[in-house]
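structure-v8.cif (mmCIF, C-alpha atoms) appears below.
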```cif
data_model
loop_
_atom_site.group_PDB
_atom_site.id
_atom_site.type_symbol
_atom_site.label_atom_id
_atom_site.label_comp_id
_atom_site.auth_asym_id
_atom_site.auth_seq_id
_atom_site.Cartn_x
_atom_site.Cartn_y
_atom_site.Cartn_z
ATOM 1 C CA MET Z 17 119.978 111.708 95.387
ATOM 2 C CA LEU Z 18 118.657 108.379 96.885
ATOM 3 C CA LEU Z 19 117.664 104.876 95.812
ATOM 4 C CA VAL Z 20 116.378 101.783 97.728
ATOM 5 C CA LEU Z 21 114.594 98.469 96.692
ATOM 6 C CA VAL Z 22 112.196 96.172 98.704
ATOM 7 C CA LEU Z 23 110.262 92.916 98.011
ATOM 8 C CA SER Z 24 107.175 91.924 99.994
ATOM 9 C CA VAL Z 25 107.572 89.807 103.122
ATOM 10 C CA GLY Z 26 105.190 87.735 105.171
ATOM 11 C CA SER Z 27 105.646 89.368 108.577
ATOM 12 C CA ALA Z 28 108.046 91.511 110.554
ATOM 13 C CA SER Z 29 108.960 88.590 112.799
ATOM 14 C CA ALA Z 30 109.982 86.525 109.766
ATOM 15 C CA GLN Z 31 112.746 88.955 108.854
ATOM 16 C CA LYS Z 32 116.097 87.745 110.190
ATOM 17 C CA LYS Z 33 118.811 90.004 108.783
ATOM 18 C CA ILE Z 34 119.007 92.932 106.409
ATOM 19 C CA TYR Z 35 121.986 93.332 104.073
ATOM 20 C CA ILE Z 36 122.601 96.904 102.948
ATOM 21 C CA VAL Z 37 124.763 98.812 100.511
ATOM 22 C CA SER Z 38 124.708 102.557 101.234
ATOM 23 C CA ALA Z 39 126.400 104.767 98.636
ATOM 24 C CA GLY Z 40 126.610 108.543 98.385
ATOM 25 C CA ILE Z 41 128.633 110.903 96.217
ATOM 26 C CA ALA Z 42 129.047 114.621 96.828
ATOM 27 C CA ASP Z 43 132.598 115.054 95.514
ATOM 28 C CA TYR Z 44 132.568 114.050 91.840
ATOM 29 C CA PRO Z 45 135.705 114.382 89.659
ATOM 30 C CA GLY Z 46 136.360 118.057 88.935
ATOM 31 C CA THR Z 47 134.010 120.663 90.330
ATOM 32 C CA ASN Z 48 131.126 121.016 87.858
ATOM 33 C CA MET Z 49 129.124 118.088 89.254
ATOM 34 C CA ASP Z 50 129.852 118.469 92.967
ATOM 35 C CA LEU Z 51 126.990 118.277 95.447
ATOM 36 C CA THR Z 52 126.902 119.083 99.158
ATOM 37 C CA LEU Z 53 125.234 116.468 101.330
ATOM 38 C CA CYS Z 54 125.048 113.202 99.409
ATOM 39 C CA ALA Z 55 127.992 111.480 101.112
ATOM 40 C CA ASN Z 56 126.470 112.513 104.453
ATOM 41 C CA ASP Z 57 123.197 110.950 103.341
ATOM 42 C CA ALA Z 58 124.865 107.566 102.852
ATOM 43 C CA VAL Z 59 126.633 107.810 106.221
ATOM 44 C CA THR Z 60 123.337 108.725 107.907
ATOM 45 C CA ILE Z 61 121.458 105.748 106.478
ATOM 46 C CA LYS Z 62 124.301 103.418 107.493
ATOM 47 C CA GLY Z 63 124.094 104.905 110.981
ATOM 48 C CA VAL Z 64 120.368 104.204 111.229
ATOM 49 C CA PHE Z 65 120.798 100.549 110.408
ATOM 50 C CA ALA Z 66 123.967 100.209 112.499
ATOM 51 C CA LYS Z 67 121.731 100.619 115.560
ATOM 52 C CA ASN Z 68 119.633 97.665 114.402
ATOM 53 C CA LYS Z 69 121.077 94.297 115.443
ATOM 54 C CA ARG Z 70 119.736 92.651 112.303
ATOM 55 C CA SER Z 71 121.762 94.790 109.875
ATOM 56 C CA ASN Z 72 124.987 94.280 107.932
ATOM 57 C CA THR Z 73 126.099 97.331 105.932
ATOM 58 C CA ILE Z 74 128.737 98.278 103.359
ATOM 59 C CA LEU Z 75 129.314 102.038 103.035
ATOM 60 C CA LEU Z 76 130.777 103.641 99.900
ATOM 61 C CA THR Z 77 131.265 107.404 99.622
ATOM 62 C CA ASN Z 78 132.725 109.761 97.017
ATOM 63 C CA SER Z 79 135.695 108.187 95.154
ATOM 64 C CA GLN Z 80 134.939 104.796 96.731
ATOM 65 C CA ALA Z 81 131.567 104.713 94.993
ATOM 66 C CA THR Z 82 132.701 103.723 91.514
ATOM 67 C CA ARG Z 83 130.460 101.681 89.262
ATOM 68 C CA ALA Z 84 132.593 98.553 89.744
ATOM 69 C CA ALA Z 85 132.791 98.989 93.518
ATOM 70 C CA ILE Z 86 129.044 99.424 93.893
ATOM 71 C CA LEU Z 87 128.305 96.380 91.728
ATOM 72 C CA ALA Z 88 130.828 94.298 93.681
ATOM 73 C CA ALA Z 89 129.340 95.395 97.004
ATOM 74 C CA LEU Z 90 125.815 94.591 95.830
ATOM 75 C CA GLN Z 91 126.889 91.127 94.704
ATOM 76 C CA GLN Z 92 128.831 90.455 97.905
ATOM 77 C CA GLN Z 93 126.106 91.610 100.277
ATOM 78 C CA PHE Z 94 123.035 90.253 98.562
ATOM 79 C CA ALA Z 95 124.517 86.784 98.010
ATOM 80 C CA LYS Z 96 124.591 86.355 101.803
ATOM 81 C CA ALA Z 97 120.849 86.686 102.241
ATOM 82 C CA THR Z 98 118.533 83.753 102.926
ATOM 83 C CA LYS Z 99 114.857 83.695 101.985
ATOM 84 C CA ASN Z 100 113.778 85.297 105.288
ATOM 85 C CA ASP Z 101 116.294 88.136 105.019
ATOM 86 C CA ALA Z 102 116.016 91.533 103.352
ATOM 87 C CA ILE Z 103 118.350 93.363 100.986
ATOM 88 C CA LEU Z 104 118.523 97.120 100.512
ATOM 89 C CA PHE Z 105 120.376 99.533 98.264
ATOM 90 C CA PHE Z 106 120.519 103.206 99.167
ATOM 91 C CA PHE Z 107 121.977 105.760 96.758
ATOM 92 C CA SER Z 108 122.403 109.507 97.071
ATOM 93 C CA GLY Z 109 123.958 111.503 94.263
ATOM 94 C CA HIS Z 110 123.266 112.530 90.684
ATOM 95 C CA GLY Z 111 120.693 110.680 88.620
ATOM 96 C CA SER Z 112 119.754 110.543 84.966
ATOM 97 C CA PRO Z 113 116.877 108.797 83.182
ATOM 98 C CA GLY Z 114 117.345 105.077 83.850
ATOM 99 C CA ASN Z 115 120.675 105.501 85.638
ATOM 100 C CA LEU Z 116 122.464 106.479 88.821
ATOM 101 C CA VAL Z 117 125.612 108.511 88.347
ATOM 102 C CA CYS Z 118 128.526 106.845 90.151
ATOM 103 C CA TYR Z 119 131.890 108.490 90.768
ATOM 104 C CA ASP Z 120 133.243 107.303 87.412
ATOM 105 C CA GLY Z 121 130.145 106.881 85.270
ATOM 106 C CA GLU Z 122 126.546 105.718 85.085
ATOM 107 C CA LEU Z 123 125.034 102.592 86.627
ATOM 108 C CA ASP Z 124 121.801 101.463 84.976
ATOM 109 C CA TYR Z 125 118.863 100.154 86.966
ATOM 110 C CA HIS Z 126 118.792 96.955 84.909
ATOM 111 C CA SER Z 127 122.214 95.905 86.257
ATOM 112 C CA ILE Z 128 121.064 96.530 89.831
ATOM 113 C CA LYS Z 129 117.842 94.611 89.253
ATOM 114 C CA ASN Z 130 119.704 91.623 87.847
ATOM 115 C CA ILE Z 131 121.888 91.331 90.935
ATOM 116 C CA MET Z 132 118.931 91.652 93.260
ATOM 117 C CA ALA Z 133 116.944 89.087 91.280
ATOM 118 C CA LYS Z 134 119.612 86.455 92.014
ATOM 119 C CA SER Z 135 119.367 86.984 95.769
ATOM 120 C CA LYS Z 136 117.343 84.522 97.845
ATOM 121 C CA ALA Z 137 116.013 87.359 100.005
ATOM 122 C CA ARG Z 138 112.255 87.665 100.241
ATOM 123 C CA SER Z 139 112.422 91.429 100.808
ATOM 124 C CA LYS Z 140 114.236 93.667 98.322
ATOM 125 C CA MET Z 141 114.448 97.464 98.513
ATOM 126 C CA ILE Z 142 115.847 100.443 96.647
ATOM 127 C CA PHE Z 143 115.732 104.012 98.013
ATOM 128 C CA ALA Z 144 116.995 106.675 95.608
ATOM 129 C CA ASP Z 145 117.679 110.280 96.589
ATOM 130 C CA ALA Z 146 118.558 111.500 93.104
ATOM 131 C CA CYS Z 147 117.313 114.299 90.890
ATOM 132 C CA PHE Z 148 114.686 113.176 88.380
ATOM 133 C CA SER Z 149 114.639 109.697 89.966
ATOM 134 C CA GLY Z 150 110.960 109.493 89.078
ATOM 135 C CA LYS Z 151 111.999 109.020 85.445
ATOM 136 C CA MET Z 152 112.267 105.324 86.274
ATOM 137 C CA ARG Z 153 108.507 105.358 85.762
ATOM 138 C CA ASN Z 154 106.285 105.222 82.677
ATOM 139 C CA GLU Z 155 102.574 105.660 81.991
ATOM 140 C CA GLN Z 156 101.318 102.474 83.672
ATOM 141 C CA ARG Z 157 99.825 103.568 86.968
ATOM 142 C CA THR Z 158 100.335 101.646 90.191
ATOM 143 C CA GLN Z 159 100.504 102.110 93.950
ATOM 144 C CA TYR Z 160 100.525 105.651 95.428
ATOM 145 C CA ASN Z 161 99.733 107.280 92.037
ATOM 146 C CA THR Z 162 103.015 106.283 90.486
ATOM 147 C CA SER Z 163 103.992 104.123 87.530
ATOM 148 C CA VAL Z 164 106.305 101.255 86.710
ATOM 149 C CA PRO Z 165 108.723 100.887 83.791
ATOM 150 C CA GLU Z 166 107.878 98.000 81.490
ATOM 151 C CA ASN Z 167 111.084 96.043 82.123
ATOM 152 C CA LEU Z 168 110.432 96.083 85.892
ATOM 153 C CA ARG Z 169 106.659 95.658 85.813
ATOM 154 C CA ASN Z 170 106.670 92.013 86.941
ATOM 155 C CA THR Z 171 109.299 92.280 89.658
ATOM 156 C CA LYS Z 172 108.155 92.018 93.265
ATOM 157 C CA VAL Z 173 109.971 95.048 94.517
ATOM 158 C CA MET Z 174 109.326 98.374 96.207
ATOM 159 C CA PHE Z 175 110.958 101.528 94.867
ATOM 160 C CA PHE Z 176 111.015 104.655 97.026
ATOM 161 C CA LEU Z 177 112.235 107.623 95.007
ATOM 162 C CA SER Z 178 112.949 111.122 96.218
ATOM 163 C CA SER Z 179 111.167 113.114 93.505
ATOM 164 C CA ARG Z 180 108.868 113.049 90.511
ATOM 165 C CA SER Z 181 110.244 112.736 86.994
ATOM 166 C CA ASP Z 182 110.259 116.495 86.423
ATOM 167 C CA GLU Z 183 111.639 117.505 89.834
ATOM 168 C CA THR Z 184 115.051 117.963 91.408
ATOM 169 C CA SER Z 185 115.876 116.532 94.834
ATOM 170 C CA ILE Z 186 116.591 119.456 97.102
ATOM 171 C CA GLU Z 187 119.410 119.897 99.615
ATOM 172 C CA ARG Z 188 120.105 122.923 101.805
ATOM 173 C CA ARG Z 189 123.545 123.853 103.109
ATOM 174 C CA ASP Z 190 122.333 124.475 106.654
ATOM 175 C CA MET Z 191 121.090 120.869 106.927
ATOM 176 C CA LYS Z 192 122.993 117.626 107.474
ATOM 177 C CA ASN Z 193 121.004 115.745 104.818
ATOM 178 C CA GLY Z 194 118.948 116.415 101.720
ATOM 179 C CA PHE Z 195 115.210 116.814 102.237
ATOM 180 C CA PHE Z 196 114.335 113.218 101.302
ATOM 181 C CA THR Z 197 117.056 111.552 103.373
ATOM 182 C CA ALA Z 198 116.341 113.812 106.340
ATOM 183 C CA TYR Z 199 112.771 112.549 106.581
ATOM 184 C CA LEU Z 200 113.678 109.020 105.521
ATOM 185 C CA GLN Z 201 116.073 108.591 108.435
ATOM 186 C CA ARG Z 202 113.561 110.105 110.869
ATOM 187 C CA GLY Z 203 110.899 107.734 109.639
ATOM 188 C CA LEU Z 204 113.157 104.678 109.827
ATOM 189 C CA ARG Z 205 114.218 105.563 113.378
ATOM 190 C CA GLY Z 206 110.583 105.362 114.446
ATOM 191 C CA GLY Z 207 109.023 108.653 113.429
ATOM 192 C CA ALA Z 208 106.866 106.838 110.878
ATOM 193 C CA ASP Z 209 105.726 104.153 113.343
ATOM 194 C CA THR Z 210 102.236 105.556 113.858
ATOM 195 C CA ASN Z 211 100.803 102.530 115.690
ATOM 196 C CA LYS Z 212 103.888 102.195 117.939
ATOM 197 C CA ASP Z 213 104.396 98.482 117.251
ATOM 198 C CA ARG Z 214 108.133 99.009 116.600
ATOM 199 C CA VAL Z 215 107.710 98.016 112.954
ATOM 200 C CA VAL Z 216 107.927 100.670 110.206
ATOM 201 C CA THR Z 217 105.850 99.527 107.254
ATOM 202 C CA ALA Z 218 105.992 100.688 103.642
ATOM 203 C CA LEU Z 219 102.786 102.708 103.897
ATOM 204 C CA GLU Z 220 103.773 104.309 107.200
ATOM 205 C CA LEU Z 221 107.128 105.320 105.750
ATOM 206 C CA PHE Z 222 105.617 106.739 102.570
ATOM 207 C CA ILE Z 223 103.066 108.857 104.423
ATOM 208 C CA PHE Z 224 105.636 110.223 106.890
ATOM 209 C CA VAL Z 225 108.361 111.020 104.350
ATOM 210 C CA SER Z 226 106.006 112.350 101.683
ATOM 211 C CA LYS Z 227 104.314 114.764 104.087
ATOM 212 C CA GLY Z 228 107.613 115.998 105.524
ATOM 213 C CA VAL Z 229 109.310 116.542 102.165
ATOM 214 C CA LYS Z 230 106.311 118.328 100.652
ATOM 215 C CA ASN Z 231 106.157 120.637 103.654
ATOM 216 C CA ILE Z 232 109.856 121.531 103.867
ATOM 217 C CA SER Z 233 110.127 121.994 100.084
ATOM 218 C CA GLU Z 234 107.002 124.169 99.987
ATOM 219 C CA ASP Z 235 105.389 121.653 97.626
ATOM 220 C CA ARG Z 236 108.306 121.669 95.157
ATOM 221 C CA GLN Z 237 109.421 118.050 95.764
ATOM 222 C CA HIS Z 238 107.186 114.983 95.924
ATOM 223 C CA PRO Z 239 108.586 111.524 96.801
ATOM 224 C CA VAL Z 240 107.059 108.566 94.960
ATOM 225 C CA MET Z 241 106.743 104.895 95.893
ATOM 226 C CA TRP Z 242 105.701 102.051 93.631
ATOM 227 C CA GLY Z 243 106.056 98.359 92.920
ATOM 228 C CA LYS Z 244 104.407 95.050 93.817
ATOM 229 C CA PHE Z 245 104.312 95.024 97.607
ATOM 230 C CA ASP Z 246 101.891 94.978 100.514
ATOM 231 C CA ASN Z 247 101.126 98.233 102.320
ATOM 232 C CA ASN Z 248 102.022 96.500 105.592
ATOM 233 C CA MET Z 249 105.365 95.188 104.388
ATOM 234 C CA PRO Z 250 107.969 95.839 107.119
ATOM 235 C CA VAL Z 251 110.872 98.024 106.032
ATOM 236 C CA ILE Z 252 112.650 98.009 109.393
ATOM 237 C CA THR Z 253 111.852 96.257 112.675
ATOM 238 C CA TRP Z 254 112.995 97.451 116.106
ATOM 239 C CA LYS Z 255 111.916 94.489 118.250
#
```

This entry written out as structure tokens:
Amino acid sequence: MLLVLVLSVGSASAQKKIYIVSAGIADYPGTNMDLTLCANDAVTIKGVFAKNKRSNTILLTNSQATRAAILAALQQQFAKATKNDAILFFFSGHGSPGNLVCYDGELDYHSIKNIMAKSKARSKMIFADACFSGKMRNEQRTQYNTSVPENLRNTKVMFFLSSRSDETSIERRDMKNGFFTAYLQRGLRGGADTNKDRVVTALELFIFVSKGVKNISEDRQHPVMWGKFDNNMPVITWK
């Protein structure tokens, strides 16, 4: 259900602005593919960053989140970034191996990566809350016991994915968000800031979200994080 991408940065104070595209699809065409909370997930993540003065966000939900609209939003937002800025793509909805499922079809990771590669931003992030999102990985092992697909192996980017390659990403009707997004937003708001320096780092976020999701899912869902980045890379700064 979710996808976000991050590149390493020098320090939290160096980050000026963060440009975000937050997309979520619960209401797919017809009824066979409908989900429950994915549009809410995108709204929630936008809301987190809306409280941060550094952020600039485009929100796309349900029928707005077509393949063309998402690509256009990514290009528009990420072209604004300077080298000290960050860019972030959040996606919640259906996933398939190598793709996110937009309202009107699939969007491959390669197209997303190409747009992000053209951005001047020093920090680049993808968070994906999508079933089987871990299938972006292959057998090469890397940070946090995860692996990196060959075509992305040399990119300086952090991927934070909601589940392993053989797992679904769970949502429950009595909750506002899916399990991954629920703990992601709590962590970003400061729940993951263990040293209370008002900077949420990649490692802090992984530990907080991973523990929460494993607990609430009774060990059925395990978020994964990988890529070329520093453990202390800031994901969001509140000072």

Quiz prompt | Residue members of the PyMOL selection byres ((chain Z and resi 194-201) around 8) in the file shown, as a ChimeraX atom specification | solution = /Z:17-18,53-54,57,60-61,64,145,178,185-188,191-193,202-205,221,224-225,228-229,232-233,239

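Going from atom CA of Gly109 of chain Z to atom CA of Val173 of chain Z covers 21.6 Å.
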
Practice problem: Evaluate the PyMOL selection byres ((chain Z and resi 32-40) around 6) here and jot the selected residues down as a PyMOL selection string. | Solution: chain Z and resi 31+41+54-55+58+70-77+93+100-109

Quiz item: In Å, how far is it from atom CA of Lys230 of chain Z to atom CA of Val117 of chain Z?
Solution: 24.9 Å

Please give the centre and size of the box around segment 41-47 of chain Z (axis-aligned, containing every atom listed in the file, 8 Å added per side), with values in Å to one decimal and written as lines of an AutoDock Vina configuration file.
```
center_x = 132.5
center_y = 115.8
center_z = 92.9
size_x = 23.7
size_y = 25.8
size_z = 23.9
```

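The two atoms in question, atom CA of Ile142 of chain Z and atom CA of Leu177 of chain Z, are spaced 8.2 Å apart.
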
Exercise. Could you list the residues chosen by the PyMOL selection byres ((chain Z and resi 176) around 7) in this structure as a PyMOL selection string?
Key: chain Z and resi 19-20+142-144+174-175+177-178+240-242

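Closest approach to Asn56 of chain Z among Z:Arg83, Z:Lys99, Z:Arg180, Z:Arg189: Z:Arg189, based on only C-alpha atoms.
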
Exercise. Give as a ChimeraX atom specification every residue, naming chains and numbers as the document does, that has an atom within 10 Å of (117.7, 119.6, 87.9), counting all atoms listed in the file.
Key: /Z:110-112,146-148,182-186

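Among the candidate residues Z:Leu90, Z:Leu123, Z:Cys118, Z:Ala84, the one lying nearest to Met49 of chain Z is Z:Cys118, with distances computed using only C-alpha atoms.
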
Exercise. Do a neighbour search on Asn115 of chain Z at 7 Å with only C-alpha atoms, toss out local chain neighbours closer than 5 positions, and write the hits as a ChimeraX atom specification.
Key: /Z:122-125
